[in-house]
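Student: For reference, the file upload-v2.pdb (PDB, C-alpha atoms) is included below:
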ATOM      1  CA  GLY A   1       0.000   0.000   0.000
ATOM      2  CA  CYS A   2       0.965   3.650   0.305
ATOM      3  CA  LEU A   3       2.230   3.406   3.906
ATOM      4  CA  ASN A   4       5.078   1.028   3.067
ATOM      5  CA  PRO A   5       5.516   0.848  -0.717
ATOM      6  CA  GLY A   6       8.416  -0.760  -2.524
ATOM      7  CA  PRO A   7      11.611   1.127  -3.400
ATOM      8  CA  ASP A   8      10.991   1.564  -7.117
ATOM      9  CA  SER A   9       8.827   3.946  -9.119
ATOM     10  CA  PHE A  10       8.013   5.104 -12.618
ATOM     11  CA  THR A  11       6.518   8.294 -13.995
ATOM     12  CA  GLN A  12       6.515  10.340 -17.184
ATOM     13  CA  SER A  13       6.700  13.553 -15.172
ATOM     14  CA  THR A  14       9.980  15.337 -14.577
ATOM     15  CA  SER A  15       8.695  17.251 -11.538
ATOM     16  CA  THR A  16       6.365  16.534  -8.637
ATOM     17  CA  ALA A  17       5.385  20.196  -8.429
ATOM     18  CA  LEU A  18       1.760  20.866  -9.350
ATOM     19  CA  ALA A  19       1.676  24.096 -11.322
ATOM     20  CA  ASN A  20      -1.400  23.799 -13.544
ATOM     21  CA  SER A  21      -4.943  22.512 -13.320
ATOM     22  CA  GLY A  22      -6.291  20.501 -16.207
ATOM     23  CA  VAL A  23      -9.097  20.670 -18.726
ATOM     24  CA  ALA A  24     -12.595  19.264 -18.306
ATOM     25  CA  CYS A  25     -15.987  19.147 -19.955
ATOM     26  CA  ALA A  26     -18.267  21.413 -17.923
ATOM     27  CA  ASP A  27     -21.732  22.927 -17.917
ATOM     28  CA  GLY A  28     -22.399  26.185 -16.104
ATOM     29  CA  GLY A  29     -19.039  26.098 -14.316
ATOM     30  CA  ASN A  30     -19.538  22.597 -12.863
ATOM     31  CA  THR A  31     -17.853  19.637 -14.486
ATOM     32  CA  ASN A  32     -19.616  16.762 -16.168
ATOM     33  CA  GLY A  33     -18.131  13.280 -15.942
ATOM     34  CA  ASN A  34     -14.537  13.327 -17.224
ATOM     35  CA  ASP A  35     -12.055  10.478 -17.585
ATOM     36  CA  TYR A  36      -8.299  10.945 -17.852
ATOM     37  CA  CYS A  37      -5.460   8.542 -18.580
ATOM     38  CA  ARG A  38      -1.770   8.171 -19.313
ATOM     39  CA  VAL A  39      -0.123   5.280 -21.181
ATOM     40  CA  TYR A  40       3.155   3.556 -20.206
ATOM     41  CA  SER A  41       5.211   1.249 -22.409
ATOM     42  CA  ILE A  42       7.587  -1.418 -21.127
ATOM     43  CA  ASP A  43      10.519   0.897 -21.897
ATOM     44  CA  GLU A  44       8.957   3.732 -19.901
ATOM     45  CA  ILE A  45       8.286   1.473 -16.914
ATOM     46  CA  GLY A  46      11.713  -0.098 -17.254
ATOM     47  CA  THR A  47      10.508  -3.682 -16.955
ATOM     48  CA  PRO A  48       7.634  -5.842 -18.225
ATOM     49  CA  VAL A  49       6.698  -6.846 -14.658
ATOM     50  CA  PHE A  50       6.113  -4.258 -11.952
ATOM     51  CA  THR A  51       4.258  -4.595  -8.655
ATOM     52  CA  ILE A  52       2.447  -1.300  -8.021
ATOM     53  CA  ASN A  53       1.812  -0.656  -4.334
ATOM     54  CA  CYS A  54       0.688   2.961  -4.541
ATOM     55  CA  LEU A  55      -0.413   5.492  -7.136
ATOM     56  CA  ARG A  56       0.193   9.210  -6.576
ATOM     57  CA  PHE A  57      -1.522  11.693  -8.873
ATOM     58  CA  GLY A  58      -2.545  15.327  -9.021
ATOM     59  CA  MET A  59      -6.179  16.456  -8.824
ATOM     60  CA  THR A  60      -8.213  19.509  -7.943
ATOM     61  CA  ASN A  61     -11.762  19.543  -6.579
ATOM     62  CA  PRO A  62     -13.118  22.816  -5.171
ATOM     63  CA  GLY A  63     -16.567  21.284  -4.676
ATOM     64  CA  SER A  64     -18.045  18.490  -2.592
ATOM     65  CA  THR A  65     -16.368  15.114  -2.135
ATOM     66  CA  LEU A  66     -16.916  12.774  -5.073
ATOM     67  CA  ALA A  67     -16.690   8.999  -5.446
ATOM     68  CA  ALA A  68     -14.033   8.700  -8.155
ATOM     69  CA  THR A  69     -12.367   5.575  -9.567
ATOM     70  CA  ILE A  70      -8.795   4.577 -10.391
ATOM     71  CA  ASN A  71      -8.374   1.884 -13.050
ATOM     72  CA  LEU A  72      -5.395  -0.016 -14.409
ATOM     73  CA  LEU A  73      -5.876  -1.393 -17.895
ATOM     74  CA  ILE A  74      -3.706  -3.132 -20.470
ATOM     75  CA  SER A  75      -3.611  -1.910 -24.055
ATOM     76  CA  PRO A  76      -2.517  -4.819 -26.286
ATOM     77  CA  ASP A  77      -0.986  -2.470 -28.873
ATOM     78  CA  GLY A  78      -0.228   0.643 -26.815
ATOM     79  CA  SER A  79      -3.206   2.576 -28.177
ATOM     80  CA  VAL A  80      -6.228   3.976 -26.318
ATOM     81  CA  ASP A  81      -8.127   4.868 -29.487
ATOM     82  CA  THR A  82     -10.779   2.192 -28.845
ATOM     83  CA  TYR A  83     -11.684   1.838 -25.163
ATOM     84  CA  ALA A  84     -13.407  -1.514 -25.697
ATOM     85  CA  ASP A  85     -10.036  -3.015 -26.703
ATOM     86  CA  LEU A  86      -8.489  -2.305 -23.281
ATOM     87  CA  ASP A  87      -8.350  -5.039 -20.622
ATOM     88  CA  LEU A  88      -9.177  -3.980 -17.051
ATOM     89  CA  ILE A  89      -6.801  -5.535 -14.476
ATOM     90  CA  PHE A  90      -7.561  -3.392 -11.413
ATOM     91  CA  SER A  91     -10.244  -0.973 -10.246
ATOM     92  CA  ARG A  92     -10.678   0.881  -6.971
ATOM     93  CA  SER A  93     -12.997   3.667  -5.890
ATOM     94  CA  PHE A  94     -11.600   6.473  -3.757
ATOM     95  CA  GLU A  95     -12.857   9.678  -2.198
ATOM     96  CA  LEU A  96     -11.931  12.686  -4.291
ATOM     97  CA  THR A  97     -12.187  15.047  -1.367
ATOM     98  CA  THR A  98     -12.466  18.827  -1.467
ATOM     99  CA  THR A  99      -9.063  20.373  -2.161
ATOM    100  CA  SER A 100      -7.658  23.791  -1.357
ATOM    101  CA  GLY A 101      -6.092  24.049  -4.791
ATOM    102  CA  LEU A 102      -3.916  21.466  -6.537
ATOM    103  CA  GLU A 103      -3.188  18.383  -4.432
ATOM    104  CA  ILE A 104      -1.539  14.982  -4.774
ATOM    105  CA  PHE A 105      -3.785  12.039  -3.941
ATOM    106  CA  SER A 106      -2.419   8.616  -2.965
ATOM    107  CA  VAL A 107      -4.370   5.419  -3.558
ATOM    108  CA  PRO A 108      -3.140   1.925  -2.523
ATOM    109  CA  ILE A 109      -3.056  -0.501  -5.434
ATOM    110  CA  ASP A 110      -1.009  -3.655  -4.618
ATOM    111  CA  THR A 111      -1.361  -5.116  -8.108
ATOM    112  CA  VAL A 112       1.102  -6.818 -10.444
ATOM    113  CA  VAL A 113       1.378  -5.382 -13.954
ATOM    114  CA  ASN A 114       2.680  -8.024 -16.379
ATOM    115  CA  LEU A 115       3.138  -6.649 -19.886
ATOM    116  CA  THR A 116       3.867  -8.560 -23.062
ATOM    117  CA  ALA A 117       5.818  -7.234 -26.046
ATOM    118  CA  GLY A 118       4.008  -4.322 -27.682
ATOM    119  CA  SER A 119       1.496  -3.855 -24.873
ATOM    120  CA  SER A 120       1.241  -0.883 -22.516
ATOM    121  CA  LEU A 121      -0.193  -0.024 -19.119
ATOM    122  CA  VAL A 122      -3.013   2.521 -18.992
ATOM    123  CA  ILE A 123      -3.561   4.411 -15.716
ATOM    124  CA  GLU A 124      -7.004   5.991 -15.642
ATOM    125  CA  VAL A 125      -9.039   8.150 -13.279
ATOM    126  CA  ILE A 126     -12.803   8.450 -13.698
ATOM    127  CA  THR A 127     -14.455  11.512 -12.166
ATOM    128  CA  PRO A 128     -18.255  11.709 -11.889
ATOM    129  CA  PRO A 129     -20.245  14.914 -12.487
ATOM    130  CA  SER A 130     -19.944  17.636  -9.864
ATOM    131  CA  THR A 131     -22.834  19.858  -8.791
ATOM    132  CA  ASP A 132     -20.661  22.526  -7.202
ATOM    133  CA  GLY A 133     -17.151  22.589  -8.611
ATOM    134  CA  PHE A 134     -14.754  22.392 -11.548
ATOM    135  CA  VAL A 135     -13.015  19.047 -11.032
ATOM    136  CA  THR A 136      -9.997  18.085 -13.104
ATOM    137  CA  PHE A 137      -6.459  16.718 -13.025
ATOM    138  CA  ALA A 138      -3.392  18.648 -11.861
ATOM    139  CA  GLY A 139       0.190  18.678 -13.034
ATOM    140  CA  GLY A 140       2.159  20.814 -15.444
ATOM    141  CA  THR A 141       2.657  21.370 -19.157
ATOM    142  CA  GLY A 142       4.564  19.649 -21.937
ATOM    143  CA  VAL A 143       7.919  20.807 -20.570
ATOM    144  CA  ASP A 144       7.202  18.879 -17.351
ATOM    145  CA  VAL A 145       7.057  15.394 -18.932
ATOM    146  CA  SER A 146       9.751  13.235 -20.488
ATOM    147  CA  SER A 147       7.355  11.245 -22.663
ATOM    148  CA  GLY A 148       3.707  10.455 -23.218
ATOM    149  CA  THR A 149       0.714  12.721 -22.944
ATOM    150  CA  THR A 150      -2.568  13.140 -21.085
ATOM    151  CA  TYR A 151      -5.744  11.797 -22.660
ATOM    152  CA  ILE A 152      -9.326  12.893 -21.976
ATOM    153  CA  LYS A 153     -12.679  11.189 -22.514
ATOM    154  CA  ALA A 154     -15.812  13.263 -21.880
ATOM    155  CA  PRO A 155     -18.924  11.595 -23.317
ATOM    156  CA  ALA A 156     -21.474  14.186 -22.111
ATOM    157  CA  ALA A 157     -23.633  15.549 -24.938
ATOM    158  CA  ASN A 158     -22.156  19.033 -24.774
ATOM    159  CA  CYS A 159     -18.623  17.684 -25.323
ATOM    160  CA  GLY A 160     -19.135  14.384 -27.143
ATOM    161  CA  ILE A 161     -15.636  12.951 -26.628
ATOM    162  CA  SER A 162     -16.636   9.291 -26.557
ATOM    163  CA  GLU A 163     -13.121   7.863 -26.975
ATOM    164  CA  TYR A 164      -9.814   8.992 -25.503
ATOM    165  CA  ILE A 165      -7.992  11.779 -27.336
ATOM    166  CA  PRO A 166      -4.862  13.744 -26.337
ATOM    167  CA  VAL A 167      -5.721  17.002 -24.585
ATOM    168  CA  GLY A 168      -3.455  18.648 -27.152
ATOM    169  CA  ASP A 169      -5.975  17.730 -29.839
ATOM    170  CA  ILE A 170      -8.437  20.186 -28.272
ATOM    171  CA  GLY A 171      -5.816  22.889 -27.875
ATOM    172  CA  PHE A 172      -4.446  22.421 -24.352
ATOM    173  CA  ASP A 173      -0.783  22.063 -23.331
ATOM    174  CA  LEU A 174      -1.506  20.426 -19.984
ATOM    175  CA  GLU A 175      -0.087  17.257 -18.425
ATOM    176  CA  TRP A 176      -1.415  15.134 -15.557
ATOM    177  CA  PHE A 177       1.084  14.228 -12.840
ATOM    178  CA  VAL A 178       1.048  10.487 -12.115
ATOM    179  CA  GLU A 179       3.618   8.357 -10.271
ATOM    180  CA  ALA A 180       3.482   4.629  -9.576
ATOM    181  CA  VAL A 181       5.483   3.363  -6.589
ATOM    182  CA  GLY A 182       6.255  -0.261  -5.846
ATOM    183  CA  ARG A 183       8.792  -2.882  -6.834
ATOM    184  CA  ILE A 184      10.314  -4.058 -10.087
ATOM    185  CA  GLY A 185       9.224  -7.651 -10.701
ATOM    186  CA  PHE A 186       6.770  -9.790  -8.831
ATOM    187  CA  PRO A 187       6.021  -9.059  -5.140
ATOM    188  CA  ASP A 188       8.190 -10.528  -2.389
ATOM    189  CA  ASP A 189       6.977 -13.886  -1.063
ATOM    190  CA  CYS A 190       9.281 -14.834   1.813
ATOM    191  CA  ASN A 191       7.868 -18.322   2.320
ATOM    192  CA  PHE A 192       6.960 -19.049  -1.327
ATOM    193  CA  ASN A 193       3.342 -19.846  -0.491
ATOM    194  CA  GLY A 194       1.911 -17.864  -3.389
ATOM    195  CA  ILE A 195       0.638 -15.097  -1.073
ATOM    196  CA  PRO A 196       2.469 -11.777  -1.508
ATOM    197  CA  ASP A 197       4.173 -10.612   1.681
ATOM    198  CA  TYR A 198       2.061  -7.439   1.708
ATOM    199  CA  GLU A 199      -0.998  -9.681   2.225
ATOM    200  CA  GLU A 200       0.592 -11.636   5.098
ATOM    201  CA  VAL A 201       0.356 -10.710   8.788
ATOM    202  CA  ASP A 202       3.192  -8.766  10.444
ATOM    203  CA  SER A 203       3.035 -11.016  13.497
ATOM    204  CA  ASP A 204       5.999  -9.487  15.327
ATOM    205  CA  GLY A 205       4.903  -5.910  14.652
ATOM    206  CA  ASP A 206       8.243  -4.717  13.275
ATOM    207  CA  GLY A 207       6.740  -3.242  10.125
ATOM    208  CA  VAL A 208       8.381  -5.842   7.865
ATOM    209  CA  ILE A 209       7.045  -9.170   6.619
ATOM    210  CA  ASP A 210       9.942 -11.639   6.819
ATOM    211  CA  ASP A 211      10.914 -15.092   8.008
ATOM    212  CA  CYS A 212      10.658 -13.922  11.613
ATOM    213  CA  ASP A 213       6.888 -13.676  11.176
ATOM    214  CA  GLY A 214       6.575 -17.354  10.354
ATOM    215  CA  CYS A 215       4.308 -16.383   7.470
TER     216      CYS A 215
END
In structure tokens, what does this structure look like?

Tutor:
Amino acid sequence: GCLNPGPDSFTQSTSTALANSGVACADGGNTNGNDYCRVYSIDEIGTPVFTINCLRFGMTNPGSTLAATINLLISPDGSVDTYADLDLIFSRSFELTTTSGLEIFSVPIDTVVNLTAGSSLVIEVITPPSTDGFVTFAGGTGVDVSSGTTYIKAPAANCGISEYIPVGDIGFDLEWFVEAVGRIGFPDDCNFNGIPDYEEVDSDGDGVIDDCDGC
């Protein structure tokens, strides 16, 4: 999880500073449902197998708390042009609480990403409509990323973006900050019982799952 993640990480961002809010489909100043994603190749992750313990990402929500969703999906060919072609491997709802500006949210994941040649990982956040705020991602601009781009999907009738497109295609130089923290490879399994150590019990209370726990 996010309290004790692994030592490795990957991101397309070159800075953790949140300098810009994002773009969103809105009606009367309040946002409709908007989905955002970034896409990561094996080369960008640095390995075909990565255990993600925690996702950190920038958001802004000046309105009431919303029930948002984080998804991990696999794109067989690295494209997000057709959403139906993506394979969902993880989904978790989280509270997108009221922010006092641009903030980094952390959501525990504890999921193994296992990519094959040519495939990519898609990290997605789904935000529902807001009745009292302009909700969107937070991050920087094109100079703040080393690769990749931010995609938006906004199917509401007044926007009609039914499939993911780069935000640059609608005239915005804005990039979502996302960082995945965990461990390169499969999760540790100190007793080789097929249960990742992060799912075992820390019986001696030392904050580490190891042979001393008899797991």

Student: Find the spatial neighbours of Ala117 in chain A, counting all atoms listed in the file, within a cut-off of 10 Å - ignore same-chain residues fewer than 3 positions away - and output them as a PyMOL selection string.

Tutor: chain A and resi 41-42+48+76-78+120

Student: Can you write out the residues you just picked, keeping C-alpha atoms, as a CSV table (one decimal), in the frame of the given file?

Tutor:
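Printed below is selection08.csv as written:
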chain,number,residue,atom,x,y,z
A,41,SER,CA,5.2,1.2,-22.4
A,42,ILE,CA,7.6,-1.4,-21.1
A,48,PRO,CA,7.6,-5.8,-18.2
A,76,PRO,CA,-2.5,-4.8,-26.3
A,77,ASP,CA,-1.0,-2.5,-28.9
A,78,GLY,CA,-0.2,0.6,-26.8
A,120,SER,CA,1.2,-0.9,-22.5

Student: Can you measure CA of Pro128 in chain A to CA of Phe57 in chain A for me? One decimal in Å is fine.

Tutor: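 For CA of Pro128 in chain A relative to CA of Phe57 in chain A, the distance reads 17.0 Å.
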
Student: Hey, can you check how far CA of Val201 in chain A sits from CA of Phe94 in chain A?

Tutor: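 If I compute the distance from CA of Val201 in chain A to CA of Phe94 in chain A, I get 24.4 Å.
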
Student: Find the residues around Asn30 in chain A up to 12 Å (all atoms listed in the file counted), leave out those fewer than 5 positions away in its own chain, and share them as a list in words.

Tutor: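 My reading of the contact set: Ala24, Cys25, Asn61, Pro62, Gly63, Ser64, Pro128, Pro129, Ser130, Thr131, Asp132, Gly133, Phe134, Val135 and Thr136 of chain A.
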
Student: Deliver the residues from the most recent selection as a file, using C-alpha atoms, as a compact mmCIF listing (two decimals), in the frame of the given file.

Tutor:
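Saved the output as again-v1.txt:
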# COMPACT_ATOMS: atom_id res chain seq x y z
CA ALA A 24 -12.60 19.26 -18.31
CA CYS A 25 -15.99 19.15 -19.95
CA ASN A 61 -11.76 19.54 -6.58
CA PRO A 62 -13.12 22.82 -5.17
CA GLY A 63 -16.57 21.28 -4.68
CA SER A 64 -18.05 18.49 -2.59
CA PRO A 128 -18.26 11.71 -11.89
CA PRO A 129 -20.24 14.91 -12.49
CA SER A 130 -19.94 17.64 -9.86
CA THR A 131 -22.83 19.86 -8.79
CA ASP A 132 -20.66 22.53 -7.20
CA GLY A 133 -17.15 22.59 -8.61
CA PHE A 134 -14.75 22.39 -11.55
CA VAL A 135 -13.02 19.05 -11.03
CA THR A 136 -10.00 18.08 -13.10

Student: Given only C-alpha atoms as the basis, pick out the residue of A:Gly101, A:Gly46, A:Gly33, A:Pro5 nearest to Asn158 in chain A.

Tutor: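 So, comparing all the options, the nearest one is A:Gly33.
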
Student: Need the shell around Asn20 in chain A: protein/DNA/RNA residues with any atom at most 6 Å away, counting only C-alpha atoms. Skip same-chain ones fewer than 5 positions apart. Format as a list in words?

Tutor: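 Answer for this query is Ala138, Gly139 and Gly140 of chain A.
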
Student: How many Å lie between CA of Cys54 in chain A and CA of Ile109 in chain A, rounded to one decimal?

Tutor: 5.2 Å

Student: When the PyMOL selection byres ((chain A and resi 170) around 12) is applied to the file above, which residues end up in the set, as a list in words?

Tutor: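 That selection, the PyMOL selection byres ((chain A and resi 170) around 12), comes back as Val23, Ala24, Cys25, Thr150, Tyr151, Ile152, Lys153, Ala154, Cys159, Ile161, Tyr164, Ile165, Pro166, Val167, Gly168, Asp169, Gly171, Phe172, Asp173 and Leu174 of chain A.
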
Student: Given the selection you just returned, output its residues as a file containing C-alpha atoms, formatted as an mmCIF file, in the frame of the given file.

Tutor:
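Wrote it out as out.cif, contents follow:
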data_model
loop_
_atom_site.group_PDB
_atom_site.id
_atom_site.type_symbol
_atom_site.label_atom_id
_atom_site.label_comp_id
_atom_site.auth_asym_id
_atom_site.auth_seq_id
_atom_site.Cartn_x
_atom_site.Cartn_y
_atom_site.Cartn_z
ATOM 1 C CA VAL A 23 -9.097 20.670 -18.726
ATOM 2 C CA ALA A 24 -12.595 19.264 -18.306
ATOM 3 C CA CYS A 25 -15.987 19.147 -19.955
ATOM 4 C CA THR A 150 -2.568 13.140 -21.085
ATOM 5 C CA TYR A 151 -5.744 11.797 -22.660
ATOM 6 C CA ILE A 152 -9.326 12.893 -21.976
ATOM 7 C CA LYS A 153 -12.679 11.189 -22.514
ATOM 8 C CA ALA A 154 -15.812 13.263 -21.880
ATOM 9 C CA CYS A 159 -18.623 17.684 -25.323
ATOM 10 C CA ILE A 161 -15.636 12.951 -26.628
ATOM 11 C CA TYR A 164 -9.814 8.992 -25.503
ATOM 12 C CA ILE A 165 -7.992 11.779 -27.336
ATOM 13 C CA PRO A 166 -4.862 13.744 -26.337
ATOM 14 C CA VAL A 167 -5.721 17.002 -24.585
ATOM 15 C CA GLY A 168 -3.455 18.648 -27.152
ATOM 16 C CA ASP A 169 -5.975 17.730 -29.839
ATOM 17 C CA GLY A 171 -5.816 22.889 -27.875
ATOM 18 C CA PHE A 172 -4.446 22.421 -24.352
ATOM 19 C CA ASP A 173 -0.783 22.063 -23.331
ATOM 20 C CA LEU A 174 -1.506 20.426 -19.984
#

Student: Please list as a ChimeraX atom specification every residue within 12 Å of Ser13 in chain A, counting all atoms listed in the file and excluding residues in the same chain fewer than 2 positions away.

Tutor: /A:9-11,15-18,38,40,44,56-58,138-150,174-180

Student: Can you work out which one of A:Ala156, A:Leu3, A:Ile89, A:Val112 has the shortest atom-to-atom distance to Leu72 in chain A, counting all atoms listed in the file?

Tutor: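 That would be A:Ile89, the residue with the smallest distance to Leu72 in chain A.
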
Student: Which polymer residues have any atom within 7 Å of an atom of Ala67 in chain A, counting only C-alpha atoms, with same-chain residues fewer than 3 positions away left out, as a ChimeraX atom specification?

Tutor: /A:93-96
